[in-house]
$ cat target.pdb   # PDB, C-alpha atoms
MODEL        1
ATOM      1  CA  MET A   1       8.861   2.882 -17.377
ATOM      2  CA  LEU A   2       9.510  -0.757 -16.479
ATOM      3  CA  SER A   3       8.664  -3.515 -18.910
ATOM      4  CA  ALA A   4       6.422  -6.328 -17.719
ATOM      5  CA  GLU A   5       9.404  -8.686 -17.503
ATOM      6  CA  ASN A   6      11.368  -6.334 -15.266
ATOM      7  CA  ASP A   7       8.706  -5.309 -12.789
ATOM      8  CA  HIS A   8       7.601  -6.909  -9.530
ATOM      9  CA  PHE A   9       4.776  -8.786 -11.219
ATOM     10  CA  GLY A  10       7.040 -10.183 -13.931
ATOM     11  CA  LEU A  11       9.510 -11.382 -11.322
ATOM     12  CA  PHE A  12       6.814 -13.676  -9.959
ATOM     13  CA  GLY A  13       5.163 -14.499 -13.282
ATOM     14  CA  LEU A  14       1.953 -12.700 -12.307
ATOM     15  CA  PRO A  15      -0.215 -10.476 -14.478
ATOM     16  CA  ARG A  16       0.173  -6.759 -13.849
ATOM     17  CA  ARG A  17      -3.153  -6.172 -12.097
ATOM     18  CA  TYR A  18      -4.335  -4.611  -8.878
ATOM     19  CA  GLU A  19      -6.368  -7.627  -7.860
ATOM     20  CA  ILE A  20      -3.963 -10.501  -7.476
ATOM     21  CA  ASP A  21      -4.085 -14.006  -6.127
ATOM     22  CA  LEU A  22      -2.222 -13.710  -2.827
ATOM     23  CA  VAL A  23      -1.731 -17.483  -2.592
ATOM     24  CA  ALA A  24      -0.116 -17.527  -6.042
ATOM     25  CA  LEU A  25       2.024 -14.541  -5.020
ATOM     26  CA  GLU A  26       3.280 -16.327  -1.922
ATOM     27  CA  LYS A  27       4.019 -19.537  -3.838
ATOM     28  CA  ALA A  28       5.911 -17.598  -6.505
ATOM     29  CA  TRP A  29       7.852 -15.653  -3.876
ATOM     30  CA  LEU A  30       8.823 -18.861  -2.087
ATOM     31  CA  ALA A  31       9.978 -20.403  -5.385
ATOM     32  CA  VAL A  32      12.053 -17.351  -6.335
ATOM     33  CA  SER A  33      13.445 -17.065  -2.803
ATOM     34  CA  ALA A  34      14.499 -20.691  -2.818
ATOM     35  CA  GLN A  35      16.386 -20.180  -6.093
ATOM     36  CA  VAL A  36      18.288 -17.103  -4.970
ATOM     37  CA  HIS A  37      18.648 -17.683  -1.242
ATOM     38  CA  PRO A  38      22.199 -16.672  -0.237
ATOM     39  CA  ASP A  39      22.710 -19.971   1.632
ATOM     40  CA  ARG A  40      22.619 -21.790  -1.726
ATOM     41  CA  TYR A  41      25.633 -19.704  -2.741
ATOM     42  CA  ALA A  42      27.698 -20.108   0.430
ATOM     43  CA  THR A  43      30.553 -21.773  -1.463
ATOM     44  CA  ALA A  44      30.223 -19.660  -4.605
ATOM     45  CA  THR A  45      32.463 -16.797  -5.594
ATOM     46  CA  PRO A  46      32.025 -13.495  -3.767
ATOM     47  CA  ALA A  47      30.500 -12.013  -6.928
ATOM     48  CA  ALA A  48      27.945 -14.836  -7.207
ATOM     49  CA  ARG A  49      27.064 -14.479  -3.518
ATOM     50  CA  ARG A  50      26.597 -10.740  -3.975
ATOM     51  CA  VAL A  51      24.316 -11.247  -6.997
ATOM     52  CA  ALA A  52      22.273 -13.841  -5.101
ATOM     53  CA  MET A  53      21.890 -11.448  -2.187
ATOM     54  CA  GLN A  54      20.755  -8.685  -4.541
ATOM     55  CA  TRP A  55      18.170 -10.977  -6.152
ATOM     56  CA  ALA A  56      16.941 -12.120  -2.737
ATOM     57  CA  ALA A  57      16.553  -8.493  -1.642
ATOM     58  CA  ARG A  58      14.708  -7.655  -4.863
ATOM     59  CA  ALA A  59      12.356 -10.624  -4.398
ATOM     60  CA  ASN A  60      11.653  -9.666  -0.787
ATOM     61  CA  GLU A  61      10.935  -6.041  -1.722
ATOM     62  CA  ALA A  62       8.669  -7.077  -4.602
ATOM     63  CA  TYR A  63       6.769  -9.443  -2.311
ATOM     64  CA  ARG A  64       6.402  -6.761   0.372
ATOM     65  CA  VAL A  65       4.980  -4.295  -2.157
ATOM     66  CA  LEU A  66       2.642  -6.696  -3.945
ATOM     67  CA  ARG A  67       1.079  -8.227  -0.857
ATOM     68  CA  ASN A  68       0.081  -4.802   0.527
ATOM     69  CA  PRO A  69      -2.952  -3.372  -1.333
ATOM     70  CA  LEU A  70      -1.973   0.278  -0.882
ATOM     71  CA  ALA A  71       1.689  -0.292  -1.786
ATOM     72  CA  ARG A  72       0.580  -2.366  -4.791
ATOM     73  CA  ALA A  73      -1.685   0.465  -6.011
ATOM     74  CA  ARG A  74       1.117   3.020  -5.571
ATOM     75  CA  TYR A  75       3.490   0.754  -7.452
ATOM     76  CA  LEU A  76       1.041   0.208 -10.319
ATOM     77  CA  CYS A  77       0.565   3.953 -10.699
ATOM     78  CA  GLU A  78       4.280   4.607 -10.630
ATOM     79  CA  VAL A  79       5.270   1.880 -13.123
ATOM     80  CA  GLN A  80       2.653   3.267 -15.488
ATOM     81  CA  GLY A  81       4.334   6.656 -15.366
ATOM     82  CA  VAL A  82       2.085   8.517 -12.927
ATOM     83  CA  ASP A  83       3.950  10.541 -10.334
ATOM     84  CA  LEU A  84       1.807  10.458  -7.208
ATOM     85  CA  GLN A  85       3.309  13.747  -5.998
ATOM     86  CA  VAL A  86       2.480  12.717  -2.436
ATOM     87  CA  GLU A  87       4.433  15.600  -0.936
ATOM     88  CA  THR A  88       3.085  18.361  -3.171
ATOM     89  CA  ASN A  89      -0.302  17.290  -4.569
ATOM     90  CA  THR A  90      -2.970  17.462  -1.896
ATOM     91  CA  ALA A  91      -5.888  17.974  -4.302
ATOM     92  CA  MET A  92      -8.833  15.805  -3.314
ATOM     93  CA  SER A  93     -12.519  15.807  -4.064
ATOM     94  CA  PRO A  94     -14.646  18.298  -2.118
ATOM     95  CA  ALA A  95     -16.639  15.399  -0.633
ATOM     96  CA  PHE A  96     -13.458  13.754   0.657
ATOM     97  CA  LEU A  97     -12.211  17.072   2.048
ATOM     98  CA  MET A  98     -15.482  17.531   3.937
ATOM     99  CA  GLN A  99     -15.227  13.979   5.256
ATOM    100  CA  GLN A 100     -11.657  14.699   6.383
ATOM    101  CA  LEU A 101     -12.887  17.663   8.400
ATOM    102  CA  GLU A 102     -15.558  15.538  10.087
ATOM    103  CA  TRP A 103     -13.048  12.814  10.925
ATOM    104  CA  ARG A 104     -10.588  15.369  12.319
ATOM    105  CA  GLU A 105     -13.320  16.906  14.481
ATOM    106  CA  GLN A 106     -14.260  13.435  15.727
ATOM    107  CA  LEU A 107     -10.617  12.716  16.555
ATOM    108  CA  ASP A 108     -10.255  16.028  18.413
ATOM    109  CA  GLU A 109     -13.458  15.369  20.355
ATOM    110  CA  ALA A 110     -12.338  11.854  21.276
ATOM    111  CA  ARG A 111      -8.958  13.201  22.388
ATOM    112  CA  GLN A 112     -10.500  15.928  24.552
ATOM    113  CA  ARG A 113     -13.118  13.657  26.111
ATOM    114  CA  LYS A 114     -10.770  10.660  26.305
ATOM    115  CA  ASP A 115     -13.570   8.701  24.652
ATOM    116  CA  ALA A 116     -12.416   5.241  23.534
ATOM    117  CA  ALA A 117     -15.820   4.429  22.010
ATOM    118  CA  LEU A 118     -15.617   7.487  19.766
ATOM    119  CA  LEU A 119     -12.130   6.406  18.692
ATOM    120  CA  ASP A 120     -13.497   2.953  17.915
ATOM    121  CA  ASP A 121     -16.242   4.493  15.783
ATOM    122  CA  LEU A 122     -13.709   6.610  13.928
ATOM    123  CA  SER A 123     -11.408   3.648  13.388
ATOM    124  CA  GLN A 124     -14.322   1.635  12.010
ATOM    125  CA  ALA A 125     -15.270   4.477   9.637
ATOM    126  CA  LEU A 126     -11.684   4.700   8.423
ATOM    127  CA  GLY A 127     -11.618   0.949   7.849
ATOM    128  CA  GLN A 128     -14.771   1.193   5.757
ATOM    129  CA  ALA A 129     -13.265   4.055   3.762
ATOM    130  CA  ARG A 130     -10.102   1.990   3.131
ATOM    131  CA  ALA A 131     -12.202  -0.958   1.966
ATOM    132  CA  ALA A 132     -14.130   1.316  -0.392
ATOM    133  CA  ALA A 133     -10.855   2.733  -1.736
ATOM    134  CA  GLN A 134      -9.613  -0.782  -2.406
ATOM    135  CA  VAL A 135     -12.764  -1.583  -4.419
ATOM    136  CA  ARG A 136     -12.466   1.690  -6.361
ATOM    137  CA  LEU A 137      -8.813   0.987  -7.132
ATOM    138  CA  ALA A 138      -9.641  -2.449  -8.521
ATOM    139  CA  VAL A 139     -12.117  -0.852 -10.923
ATOM    140  CA  LEU A 140      -9.897   2.098 -11.851
ATOM    141  CA  LEU A 141      -6.741   0.052 -12.404
ATOM    142  CA  ASP A 142      -8.011  -3.297 -13.675
ATOM    143  CA  GLN A 143     -11.135  -2.340 -15.603
ATOM    144  CA  ASP A 144     -10.983   1.340 -16.558
ATOM    145  CA  ASN A 145      -7.195   1.700 -16.888
ATOM    146  CA  ASP A 146      -7.619   5.111 -15.236
ATOM    147  CA  VAL A 147      -4.228   5.477 -13.598
ATOM    148  CA  ALA A 148      -4.652   9.201 -12.961
ATOM    149  CA  GLY A 149      -7.954   8.539 -11.171
ATOM    150  CA  ALA A 150      -6.302   5.717  -9.231
ATOM    151  CA  ALA A 151      -3.533   8.092  -8.133
ATOM    152  CA  LYS A 152      -6.148  10.347  -6.504
ATOM    153  CA  VAL A 153      -7.623   7.384  -4.637
ATOM    154  CA  VAL A 154      -4.133   6.310  -3.535
ATOM    155  CA  ARG A 155      -3.495   9.783  -2.085
ATOM    156  CA  GLU A 156      -6.837   9.624  -0.253
ATOM    157  CA  TRP A 157      -5.968   6.177   1.124
ATOM    158  CA  MET A 158      -2.614   7.480   2.300
ATOM    159  CA  PHE A 159      -4.476  10.175   4.243
ATOM    160  CA  LEU A 160      -6.673   7.456   5.777
ATOM    161  CA  GLU A 161      -3.585   5.534   6.890
ATOM    162  CA  LYS A 162      -2.077   8.643   8.445
ATOM    163  CA  LEU A 163      -5.292   9.472  10.272
ATOM    164  CA  GLU A 164      -5.565   5.890  11.550
ATOM    165  CA  GLN A 165      -2.039   6.238  12.955
ATOM    166  CA  GLU A 166      -3.160   9.375  14.758
ATOM    167  CA  VAL A 167      -6.188   7.504  16.134
ATOM    168  CA  GLU A 168      -3.895   4.791  17.464
ATOM    169  CA  SER A 169      -1.575   7.391  18.950
ATOM    170  CA  VAL A 170      -4.485   9.009  20.797
ATOM    171  CA  ARG A 171      -5.674   5.564  21.914
ATOM    172  CA  HIS A 172      -2.176   4.753  23.177
ATOM    173  CA  ASP A 173      -2.003   8.070  25.058
ATOM    174  CA  GLY A 174      -4.997   7.081  27.119
ATOM    175  CA  ALA A 175      -8.219   7.973  25.391
TER     176      ALA A 175
ENDMDL
END

$ encode --input "target.pdb" --output "structure tokens"
Amino acid sequence: MLSAENDHFGLFGLPRRYEIDLVALEKAWLAVSAQVHPDRYATATPAARRVAMQWAARANEAYRVLRNPLARARYLCEVQGVDLQVETNTAMSPAFLMQQLEWREQLDEARQRKDAALLDDLSQALGQARAAAQVRLAVLLDQDNDVAGAAKVVREWMFLEKLEQEVESVRHDGA
């Protein structure tokens, strides 16, 4: 498990929380990036240039993860020792499974009928579900410290993202 000083949040001097100040994140990233930018080390030794490049890559990766709410939630679960088991654990609540079936049926119907309005409705429903997941994650991670519960919500959100990609694929194919 990473210590607070060694994780993405510590790199930017931010508290390890799901809800973060995105403006503060960007300012911290810019400050770190300016310190380790490879151009500052153009005349340094090859070893110093290599270290600067590694730090720049680490800062960029940390920024990419922390600014994305789903990636941030995944990261918080993982650094707290919870394996998301995204490839093997498909257990979800019965209510979410039923909702999945309805969404899949709606997608199939939209595909068959080439109904753009139905795709729009589905996309809107998925957006609302993602927003609700984000609110639930803030409570689970920041207030309840329920990382296992958060992992379930993360897996559900990942399903939502995958389904939204399918919606966009159908939309692109002419529905």

$ atom_distance --input "target.pdb" --atom1 "CA of Ala24 in chain A" --atom2 "CA of Leu66 in chain A"
11.4 Å

$ atom_distance --input "target.pdb" --atom1 "CA of Glu164 in chain A" --atom2 "CA of Val82 in chain A"
25.8 Å

$ atom_distance --input "target.pdb" --atom1 "CA of Leu160 in chain A" --atom2 "CA of Leu126 in chain A"
6.3 Å

$ residues_around --input "target.pdb" --residues "Val167 in chain A" --least-positions-apart "2" --cutoff "8 Å" --atoms "all atoms listed in the file" --output "list in words"
Leu107, Leu119, Leu122, Ser123, Leu163, Glu164, Gln165, Ser169, Val170 and Arg171 of chain A

$ closest_residue --input "target.pdb" --among "A:Ala148, A:Ala56, A:Leu11, A:Leu25" --to "His37 in chain A" --atoms "only C-alpha atoms"
A:Ala56

$ resolve_selection --input "target.pdb" --expression "the PyMOL selection byres ((chain A and resi 69) around 12)" --output "PyMOL selection string"
chain A and resi 17-22+63-68+70-76+130-131+133-138+154+157-158

$ axis_aligned_box --input "target.pdb" --around "range 12-30 of chain A" --padding-each-side "3 Å" --output "lines of an AutoDock Vina configuration file"
center_x = 1.2
center_y = -12.1
center_z = -8.2
size_x = 21.2
size_y = 20.9
size_z = 18.6

$ closest_residue --input "target.pdb" --among "A:Leu14, A:Asn6, A:Val153, A:Arg58" --to "Val86 in chain A" --atoms "only C-alpha atoms"
A:Val153

$ residues_around --input "target.pdb" --residues "Val36 in chain A" --least-positions-apart "2" --cutoff "7 Å" --atoms "all atoms listed in the file" --output "mmCIF file with C-alpha atoms, in the coordinates of the input"
data_model
loop_
_atom_site.group_PDB
_atom_site.id
_atom_site.type_symbol
_atom_site.label_atom_id
_atom_site.label_comp_id
_atom_site.auth_asym_id
_atom_site.auth_seq_id
_atom_site.Cartn_x
_atom_site.Cartn_y
_atom_site.Cartn_z
ATOM 1 C CA VAL A 32 12.053 -17.351 -6.335
ATOM 2 C CA SER A 33 13.445 -17.065 -2.803
ATOM 3 C CA ALA A 34 14.499 -20.691 -2.818
ATOM 4 C CA PRO A 38 22.199 -16.672 -0.237
ATOM 5 C CA ALA A 52 22.273 -13.841 -5.101
ATOM 6 C CA TRP A 55 18.170 -10.977 -6.152
ATOM 7 C CA ALA A 56 16.941 -12.120 -2.737
#

$ closest_residue --input "target.pdb" --among "A:Asp120, A:Ala125, A:Glu87, A:Ala132" --to "Glu102 in chain A" --atoms "only C-alpha atoms"
A:Ala125

$ closest_residue --input "target.pdb" --among "A:Cys77, A:Arg104, A:Asp83, A:Asp173" --to "Leu140 in chain A" --atoms "only C-alpha atoms"
A:Cys77

$ closest_residue --input "target.pdb" --among "A:Asp142, A:Asp7, A:Glu156, A:Glu168" --to "Gln100 in chain A" --atoms "only C-alpha atoms"
A:Glu156

$ residues_around --input "target.pdb" --residues "Ala91 in chain A" --least-positions-apart "3" --cutoff "12 Å" --atoms "all atoms listed in the file" --output "PDB file with C-alpha atoms, in the coordinates of the input"
ATOM      1  CA  LEU A  84       1.807  10.458  -7.208  1.00  0.00           C
ATOM      2  CA  GLN A  85       3.309  13.747  -5.998  1.00  0.00           C
ATOM      3  CA  VAL A  86       2.480  12.717  -2.436  1.00  0.00           C
ATOM      4  CA  GLU A  87       4.433  15.600  -0.936  1.00  0.00           C
ATOM      5  CA  THR A  88       3.085  18.361  -3.171  1.00  0.00           C
ATOM      6  CA  PRO A  94     -14.646  18.298  -2.118  1.00  0.00           C
ATOM      7  CA  ALA A  95     -16.639  15.399  -0.633  1.00  0.00           C
ATOM      8  CA  PHE A  96     -13.458  13.754   0.657  1.00  0.00           C
ATOM      9  CA  LEU A  97     -12.211  17.072   2.048  1.00  0.00           C
ATOM     10  CA  GLY A 149      -7.954   8.539 -11.171  1.00  0.00           C
ATOM     11  CA  ALA A 151      -3.533   8.092  -8.133  1.00  0.00           C
ATOM     12  CA  LYS A 152      -6.148  10.347  -6.504  1.00  0.00           C
ATOM     13  CA  VAL A 153      -7.623   7.384  -4.637  1.00  0.00           C
ATOM     14  CA  VAL A 154      -4.133   6.310  -3.535  1.00  0.00           C
ATOM     15  CA  ARG A 155      -3.495   9.783  -2.085  1.00  0.00           C
ATOM     16  CA  GLU A 156      -6.837   9.624  -0.253  1.00  0.00           C
ATOM     17  CA  PHE A 159      -4.476  10.175   4.243  1.00  0.00           C
TER      18      PHE A 159
END

$ closest_residue --input "target.pdb" --among "A:Ala31, A:Ala57, A:Gly174, A:Asp146" --to "Ala116 in chain A" --atoms "all atoms listed in the file"
A:Gly174
